[in-house]
$ cat model.txt   # compact mmCIF, C-alpha atoms
# COMPACT_ATOMS: atom_id res chain seq x y z
CA MET A 13 113.88 73.57 132.21
CA ASP A 14 114.74 73.91 135.89
CA ALA A 15 112.24 74.36 138.73
CA TYR A 16 112.89 78.10 138.86
CA GLU A 17 112.01 78.62 135.21
CA CYS A 18 108.99 76.34 135.56
CA ARG A 19 107.66 78.53 138.38
CA VAL A 20 108.32 81.74 136.44
CA ARG A 21 106.32 80.47 133.45
CA PHE A 22 103.58 78.72 135.42
CA GLY A 23 102.78 81.33 138.08
CA PRO A 24 101.45 84.21 135.93
CA ALA A 25 99.25 82.04 133.68
CA LYS A 26 95.56 82.88 133.94
CA LEU A 27 94.37 79.31 133.61
CA ALA A 28 95.80 75.90 134.44
CA ARG A 29 94.33 72.49 133.78
CA LEU A 30 93.82 70.21 136.74
CA ALA A 31 93.96 66.44 136.34
CA THR A 32 92.61 64.24 139.10
CA VAL A 33 91.75 60.54 139.23
CA THR A 34 88.22 59.33 139.96
CA PRO A 35 87.59 56.59 142.54
CA SER A 36 87.07 54.22 139.58
CA GLY A 37 90.56 55.06 138.26
CA ARG A 38 89.60 57.24 135.30
CA PRO A 39 91.34 60.60 134.69
CA HIS A 40 89.26 63.77 135.21
CA LEU A 41 90.26 67.09 133.70
CA VAL A 42 89.06 70.68 134.17
CA PRO A 43 90.51 74.17 133.80
CA VAL A 44 91.09 76.09 137.02
CA THR A 45 91.98 79.63 137.97
CA PHE A 46 94.79 79.41 140.50
CA ALA A 47 97.53 81.20 142.39
CA LEU A 48 101.06 79.96 143.03
CA ALA A 49 103.10 80.81 146.13
CA ASP A 50 106.00 78.93 147.69
CA ASP A 51 105.38 75.83 145.59
CA GLN A 52 101.78 75.75 146.70
CA ILE A 53 99.04 75.97 144.08
CA VAL A 54 95.69 77.12 145.39
CA PHE A 55 92.29 77.22 143.74
CA ALA A 56 88.78 77.85 144.99
CA VAL A 57 85.61 75.86 144.47
CA ASP A 58 82.37 77.78 144.05
CA HIS A 59 80.26 77.73 147.17
CA LYS A 60 77.24 76.99 145.00
CA PRO A 61 78.58 74.87 142.15
CA LYS A 62 76.16 74.86 139.24
CA THR A 63 77.40 71.56 137.92
CA THR A 64 78.61 68.34 139.46
CA THR A 65 82.09 69.04 138.08
CA ALA A 66 83.27 70.95 141.13
CA LEU A 67 82.00 68.24 143.42
CA GLN A 68 83.58 65.54 141.28
CA ARG A 69 87.04 67.03 141.62
CA LEU A 70 86.67 67.28 145.41
CA ALA A 71 85.50 63.67 145.63
CA ASN A 72 88.48 62.64 143.51
CA ILE A 73 90.98 64.53 145.68
CA ALA A 74 89.47 63.06 148.83
CA THR A 75 90.28 59.55 147.63
CA GLU A 76 93.44 60.31 145.57
CA PRO A 77 95.30 63.44 146.65
CA ARG A 78 97.92 63.14 143.90
CA VAL A 79 97.03 65.66 141.19
CA ALA A 80 98.68 67.32 138.19
CA PHE A 81 98.44 70.87 136.84
CA LEU A 82 99.43 71.96 133.35
CA VAL A 83 100.09 75.38 131.86
CA ASP A 84 100.93 75.55 128.18
CA HIS A 85 101.68 78.19 125.60
CA ASP A 86 100.04 77.58 122.26
CA ASP A 87 101.46 79.17 119.14
CA ASP A 88 101.04 78.56 115.43
CA ASP A 89 104.82 78.73 115.32
CA TRP A 90 105.72 75.43 116.96
CA SER A 91 109.21 76.68 117.76
CA ARG A 92 107.57 78.87 120.43
CA LEU A 93 105.56 76.14 122.17
CA TRP A 94 106.24 75.43 125.81
CA TRP A 95 104.50 73.77 128.72
CA VAL A 96 105.00 73.30 132.43
CA ARG A 97 103.52 70.54 134.56
CA ALA A 98 103.30 70.51 138.34
CA ASP A 99 102.79 67.18 140.05
CA ALA A 100 101.36 67.91 143.46
CA ASP A 101 99.60 66.61 146.56
CA ALA A 102 96.25 68.28 147.18
CA ALA A 103 94.38 68.98 150.40
CA ILE A 104 90.87 70.36 150.80
CA ILE A 105 90.75 73.31 153.21
CA THR A 106 87.40 74.43 154.55
CA SER A 107 88.37 77.18 157.01
CA GLY A 108 91.13 78.74 159.10
CA ASP A 109 94.29 80.69 158.33
CA ASP A 110 95.29 78.62 155.29
CA HIS A 111 91.82 79.11 153.82
CA GLN A 112 92.07 82.87 154.32
CA ARG A 113 95.58 83.01 152.89
CA ALA A 114 94.57 81.02 149.80
CA ILE A 115 91.71 83.40 149.05
CA ASP A 116 94.02 86.38 149.60
CA LEU A 117 96.39 84.93 146.99
CA LEU A 118 93.57 84.45 144.49
CA ALA A 119 92.23 87.95 145.13
CA ALA A 120 95.72 89.41 144.64
CA LYS A 121 95.95 87.76 141.22
CA TYR A 122 92.41 88.12 139.84
CA PRO A 123 90.28 91.30 139.86
CA GLN A 124 87.22 89.03 139.59
CA TYR A 125 88.07 87.50 142.97
CA ARG A 126 88.56 90.93 144.50
CA ARG A 127 85.08 91.95 143.39
CA HIS A 128 83.51 88.67 144.44
CA ARG A 129 85.56 86.94 147.11
CA PRO A 130 85.25 83.13 147.01
CA SER A 131 83.52 81.78 150.10
CA GLY A 132 83.60 78.04 149.51
CA VAL A 133 86.33 75.50 150.12
CA VAL A 134 89.80 75.91 148.67
CA VAL A 135 92.26 73.29 147.53
CA MET A 136 95.94 73.72 148.41
CA SER A 137 98.38 71.57 146.47
CA GLN A 138 102.01 71.16 147.44
CA VAL A 139 104.14 70.75 144.31
CA SER A 140 106.32 67.64 144.50
CA ARG A 141 107.85 67.93 141.02
CA TRP A 142 108.13 70.54 138.29
CA THR A 143 108.51 69.39 134.68
CA GLY A 144 108.90 71.81 131.82
CA TRP A 145 109.48 71.66 128.11
CA ALA A 146 110.19 74.38 125.56
CA ALA A 147 110.71 73.95 121.83
CA ARG A 148 113.77 76.17 122.11
CA MET B 23 76.23 72.18 125.86
CA ASP B 24 75.23 69.25 123.66
CA ALA B 25 77.59 66.81 121.94
CA TYR B 26 77.29 68.63 118.62
CA GLU B 27 78.40 71.96 120.06
CA CYS B 28 81.17 70.23 122.00
CA ARG B 29 82.56 68.78 118.75
CA VAL B 30 82.29 72.13 116.95
CA ARG B 31 84.30 73.89 119.66
CA PHE B 32 86.77 71.06 120.31
CA GLY B 33 87.67 70.03 116.77
CA PRO B 34 89.35 73.19 115.42
CA ALA B 35 91.47 73.84 118.56
CA LYS B 36 95.19 73.70 117.89
CA LEU B 37 96.09 72.09 121.19
CA ALA B 38 94.31 69.80 123.63
CA ARG B 39 95.50 68.53 126.98
CA LEU B 40 95.66 64.79 127.48
CA ALA B 41 95.20 63.27 130.91
CA THR B 42 96.20 59.66 131.48
CA VAL B 43 96.70 57.62 134.65
CA THR B 44 100.07 56.07 135.49
CA PRO B 45 100.32 52.41 136.57
CA SER B 46 100.78 53.73 140.14
CA GLY B 47 97.44 55.58 139.90
CA ARG B 48 98.74 59.15 139.58
CA PRO B 49 97.36 61.51 136.91
CA HIS B 50 99.68 62.46 134.02
CA LEU B 51 99.07 65.51 131.88
CA VAL B 52 100.56 66.80 128.62
CA PRO B 53 99.45 69.01 125.72
CA VAL B 54 98.88 67.26 122.40
CA THR B 55 98.27 68.28 118.83
CA PHE B 56 95.32 66.25 117.59
CA ALA B 57 92.66 65.76 114.95
CA LEU B 58 89.00 64.90 115.52
CA ALA B 59 86.88 62.86 113.12
CA ASP B 60 83.73 60.81 113.79
CA ASP B 61 84.20 61.03 117.56
CA GLN B 62 87.71 59.71 117.25
CA ILE B 63 90.58 61.83 118.52
CA VAL B 64 93.96 60.97 117.05
CA PHE B 65 97.44 62.14 117.96
CA ALA B 66 100.92 61.05 116.98
CA VAL B 67 103.92 60.23 119.11
CA ASP B 68 107.32 61.28 117.85
CA HIS B 69 109.26 58.38 116.43
CA LYS B 70 112.33 59.61 118.30
CA PRO B 71 110.97 61.11 121.52
CA LYS B 72 113.51 63.41 123.12
CA THR B 73 112.05 62.99 126.56
CA THR B 74 110.48 60.15 128.49
CA THR B 75 107.15 62.00 128.40
CA ALA B 76 105.98 60.44 125.16
CA LEU B 77 106.88 56.99 126.40
CA GLN B 78 105.16 57.62 129.72
CA ARG B 79 101.84 58.38 128.08
CA LEU B 80 102.04 55.22 125.96
CA ALA B 81 102.87 53.11 129.02
CA ASN B 82 99.92 54.68 130.82
CA ILE B 83 97.50 53.99 127.98
CA ALA B 84 98.72 50.40 127.72
CA THR B 85 97.64 49.76 131.32
CA GLU B 86 94.68 52.19 131.55
CA PRO B 87 93.04 53.00 128.19
CA ARG B 88 90.56 55.46 129.72
CA VAL B 89 91.82 58.97 128.98
CA ALA B 90 90.48 62.53 128.98
CA PHE B 91 91.11 65.44 126.62
CA LEU B 92 90.39 69.09 127.39
CA VAL B 93 90.13 72.14 125.17
CA ASP B 94 89.51 75.46 126.84
CA HIS B 95 89.13 79.06 125.83
CA ASP B 96 90.89 81.49 128.13
CA ASP B 97 89.77 85.10 128.27
CA ASP B 98 90.33 87.95 130.69
CA ASP B 99 86.59 88.48 130.41
CA TRP B 100 85.31 85.49 132.37
CA SER B 101 81.91 85.74 130.71
CA ARG B 102 83.60 84.39 127.56
CA LEU B 103 85.26 81.35 129.14
CA TRP B 104 84.34 77.92 127.87
CA TRP B 105 85.78 74.43 127.91
CA VAL B 106 85.03 71.05 126.42
CA ARG B 107 86.14 67.70 127.79
CA ALA B 108 86.16 64.41 125.91
CA ASP B 109 86.28 61.23 127.95
CA ALA B 110 87.60 58.53 125.66
CA ASP B 111 89.07 55.06 125.30
CA ALA B 112 92.51 55.05 123.74
CA ALA B 113 94.27 52.47 121.59
CA ILE B 114 97.87 52.50 120.37
CA ILE B 115 98.13 51.88 116.63
CA THR B 116 101.49 50.99 115.15
CA SER B 117 100.65 50.33 111.49
CA GLY B 118 97.93 49.57 108.97
CA ASP B 119 95.00 51.47 107.50
CA ASP B 120 93.97 53.16 110.75
CA HIS B 121 97.54 54.36 111.25
CA GLN B 122 97.62 55.83 107.76
CA ARG B 123 94.21 57.45 108.20
CA ALA B 124 95.20 59.02 111.52
CA ILE B 125 98.28 60.60 109.99
CA ASP B 126 96.22 61.81 107.02
CA LEU B 127 93.87 63.55 109.47
CA LEU B 128 96.76 65.21 111.30
CA ALA B 129 98.38 66.29 108.03
CA ALA B 130 95.07 67.76 106.84
CA LYS B 131 94.87 69.90 109.99
CA TYR B 132 98.49 70.96 110.56
CA PRO B 133 100.88 72.34 107.92
CA GLN B 134 103.74 71.16 110.16
CA TYR B 135 102.60 67.56 109.73
CA ARG B 136 102.33 68.00 105.98
CA ARG B 137 105.94 69.18 105.83
CA HIS B 138 107.15 66.46 108.21
CA ARG B 139 104.81 63.49 108.23
CA PRO B 140 104.81 61.64 111.58
CA SER B 141 106.24 58.15 111.27
CA GLY B 142 105.85 56.79 114.79
CA VAL B 143 102.88 55.25 116.53
CA VAL B 144 99.54 57.02 116.73
CA VAL B 145 96.92 56.91 119.45
CA MET B 146 93.25 56.69 118.44
CA SER B 147 90.73 57.50 121.14
CA GLN B 148 87.02 56.79 120.82
CA VAL B 149 85.04 59.47 122.65
CA SER B 150 82.57 57.94 125.09
CA ARG B 151 81.28 61.21 126.54
CA TRP B 152 81.37 64.91 125.67
CA THR B 153 81.09 67.47 128.46
CA GLY B 154 81.06 71.18 127.80
CA TRP B 155 80.67 74.36 129.77
CA ALA B 156 80.33 77.97 128.69
CA ALA B 157 79.96 81.02 130.93
CA ARG B 158 77.12 82.15 128.72

$ encode --input "model.txt" --output "structure tokens"
Amino acid sequence: MDAYECRVRFGPAKLARLATVTPSGRPHLVPVTFALADDQIVFAVDHKPKTTTALQRLANIATEPRVAFLVDHDDDDWSRLWWVRADADAAIITSGDDHQRAIDLLAAKYPQYRRHRPSGVVVMSQVSRWTGWAAR
Amino acid sequence: MDAYECRVRFGPAKLARLATVTPSGRPHLVPVTFALADDQIVFAVDHKPKTTTALQRLANIATEPRVAFLVDHDDDDWSRLWWVRADADAAIITSGDDHQRAIDLLAAKYPQYRRHRPSGVVVMSQVSRWTGWAAR
């Protein structure tokens, strides 16, 4: 699957899974809502995270900016399975034009973000490699 | 969400995502079919992997056995979102009783594995921590 097809399948997905690495070297994994533009994947972190999970992923990115995102298509018919992984380099953005643009992208994709615009930090990840697989 | 509810939501899912860490310290992420029994998560690796992906995850586990699995429930209605993560310690099993038992578990869950029984190595992961989140 070439990078173009990876983007076409990945971009519209409602949910991706984000893998980061903790300072102790263990993998950490959470689902994220995201937007894709120009090989940049953006997601927002709640300004008042209810759990430590949001903070954990930011701490992880601060010490290891290499991250991975996965979108997959599940199907009882395994001949229709596919997945796309984006290996990327993440940066935490707290304000400024990039912060505004990231939130605009999320609001354009999700009605929920139009009704309640995220106000916390965003993470922008520059994709370094697309990998995709389809059963057929 | 307590460990019991995490297991109840995680176990029946058709697909989980597996995060490992590469020897260079980067996260690696793929979907896996799996079975859960007694806080052990098992999955099989094709005996003739078509890509290097299957080999990559085995190489990762050999150097860093700490792994994470994620099951999530996507929904346009965000009040129905939930996810469960299992942090676990993985071991590669090439033969013997545990190998047989793992494949039995996979065959019990998936018709595809009953029709075509996996013959390659399996990975057994002992869950060390369950973490779950539900919007409500």

$ closest_atom_pairs --input "model.txt" --of "chain B" --to "chain A" --cutoff "9 Å" --atoms "only C-alpha atoms" --output "JSON lines"
{"residue": "B:Lys36", "atom": "CA", "partner": "A:Asp86", "partner_atom": "CA", "distance": 7.6}
{"residue": "B:Leu37", "atom": "CA", "partner": "A:Asp86", "partner_atom": "CA", "distance": 6.8}
{"residue": "B:Arg39", "atom": "CA", "partner": "A:Arg29", "partner_atom": "CA", "distance": 8.0}
{"residue": "B:Leu40", "atom": "CA", "partner": "A:Leu41", "partner_atom": "CA", "distance": 8.6}
{"residue": "B:Ala41", "atom": "CA", "partner": "A:Pro39", "partner_atom": "CA", "distance": 6.0}
{"residue": "B:Thr42", "atom": "CA", "partner": "A:Pro39", "partner_atom": "CA", "distance": 5.9}
{"residue": "B:Val43", "atom": "CA", "partner": "A:Pro39", "partner_atom": "CA", "distance": 6.1}
{"residue": "B:Gly47", "atom": "CA", "partner": "A:Gly37", "partner_atom": "CA", "distance": 7.1}
{"residue": "B:Arg48", "atom": "CA", "partner": "A:Arg78", "partner_atom": "CA", "distance": 5.9}
{"residue": "B:Pro49", "atom": "CA", "partner": "A:Thr32", "partner_atom": "CA", "distance": 5.9}
{"residue": "B:His50", "atom": "CA", "partner": "A:Ala80", "partner_atom": "CA", "distance": 6.5}
{"residue": "B:Leu51", "atom": "CA", "partner": "A:Ala80", "partner_atom": "CA", "distance": 6.6}
{"residue": "B:Val52", "atom": "CA", "partner": "A:Leu82", "partner_atom": "CA", "distance": 7.1}
{"residue": "B:Pro53", "atom": "CA", "partner": "A:Asp84", "partner_atom": "CA", "distance": 7.1}
{"residue": "B:Glu86", "atom": "CA", "partner": "A:Arg38", "partner_atom": "CA", "distance": 8.1}
{"residue": "B:Pro87", "atom": "CA", "partner": "A:Arg38", "partner_atom": "CA", "distance": 9.0}
{"residue": "B:Arg88", "atom": "CA", "partner": "A:Arg38", "partner_atom": "CA", "distance": 5.9}
{"residue": "B:Val89", "atom": "CA", "partner": "A:Pro39", "partner_atom": "CA", "distance": 6.0}
{"residue": "B:Ala90", "atom": "CA", "partner": "A:Pro39", "partner_atom": "CA", "distance": 6.1}
{"residue": "B:Phe91", "atom": "CA", "partner": "A:Leu41", "partner_atom": "CA", "distance": 7.3}
{"residue": "B:Leu92", "atom": "CA", "partner": "A:Leu41", "partner_atom": "CA", "distance": 6.6}
{"residue": "B:Val93", "atom": "CA", "partner": "A:Pro43", "partner_atom": "CA", "distance": 8.9}
{"residue": "B:Asp94", "atom": "CA", "partner": "A:Pro43", "partner_atom": "CA", "distance": 7.1}
{"residue": "B:Asp96", "atom": "CA", "partner": "A:Leu27", "partner_atom": "CA", "distance": 6.8}
{"residue": "B:Asp97", "atom": "CA", "partner": "A:Lys26", "partner_atom": "CA", "distance": 8.4}
{"residue": "B:Asp98", "atom": "CA", "partner": "A:Lys26", "partner_atom": "CA", "distance": 8.0}
{"residue": "B:Trp100", "atom": "CA", "partner": "A:Gln124", "partner_atom": "CA", "distance": 8.3}
{"residue": "B:Trp105", "atom": "CA", "partner": "A:Pro43", "partner_atom": "CA", "distance": 7.6}
{"residue": "B:Val106", "atom": "CA", "partner": "A:Val42", "partner_atom": "CA", "distance": 8.7}
{"residue": "B:Arg107", "atom": "CA", "partner": "A:Leu41", "partner_atom": "CA", "distance": 7.2}
{"residue": "B:Asp109", "atom": "CA", "partner": "A:His40", "partner_atom": "CA", "distance": 8.2}
{"residue": "B:Gln134", "atom": "CA", "partner": "A:Trp90", "partner_atom": "CA", "distance": 8.3}

$ closest_residue --input "model.txt" --among "B:Leu103, B:Leu77, B:Ala57, B:Leu127" --to "Gly154 (chain B)" --atoms "all atoms listed in the file"
B:Leu103

$ closest_residue --input "model.txt" --among "B:Val30, B:Ala81, B:Ala66, B:Ala113" --to "Ser147 (chain B)" --atoms "only C-alpha atoms"
B:Ala113

$ atom_distance --input "model.txt" --atom1 "CA of Ala112 (chain B)" --atom2 "CA of Ser91 (chain A)"
28.0 Å

$ atom_distance --input "model.txt" --atom1 "CA of Gly142 (chain B)" --atom2 "CA of Ile63 (chain B)"
16.5 Å

$ atom_distance --input "model.txt" --atom1 "CA of Phe22 (chain A)" --atom2 "CA of Pro45 (chain B)"
26.5 Å

$ residues_around --input "model.txt" --residues "Thr116 (chain B)" --least-positions-apart "4" --cutoff "12 Å" --atoms "all atoms listed in the file" --output "PyMOL selection string"
chain B and resi 66-67+69+80+120-125+140-146

$ residues_around --input "model.txt" --residues "Asp51 (chain A)" --least-positions-apart "6" --cutoff "9 Å" --atoms "all atoms listed in the file" --output "VMD selection string"
chain A and resid 19 137 to 140

$ write_last_selection --input "model.txt" --atoms "C-alpha atoms" --output "PDB file, in the coordinates of the input"
ATOM      1  CA  ARG A  19     107.660  78.530 138.380  1.00  0.00           C
ATOM      2  CA  SER A 137      98.380  71.570 146.470  1.00  0.00           C
ATOM      3  CA  GLN A 138     102.010  71.160 147.440  1.00  0.00           C
ATOM      4  CA  VAL A 139     104.140  70.750 144.310  1.00  0.00           C
ATOM      5  CA  SER A 140     106.320  67.640 144.500  1.00  0.00           C
TER       6      SER A 140
END
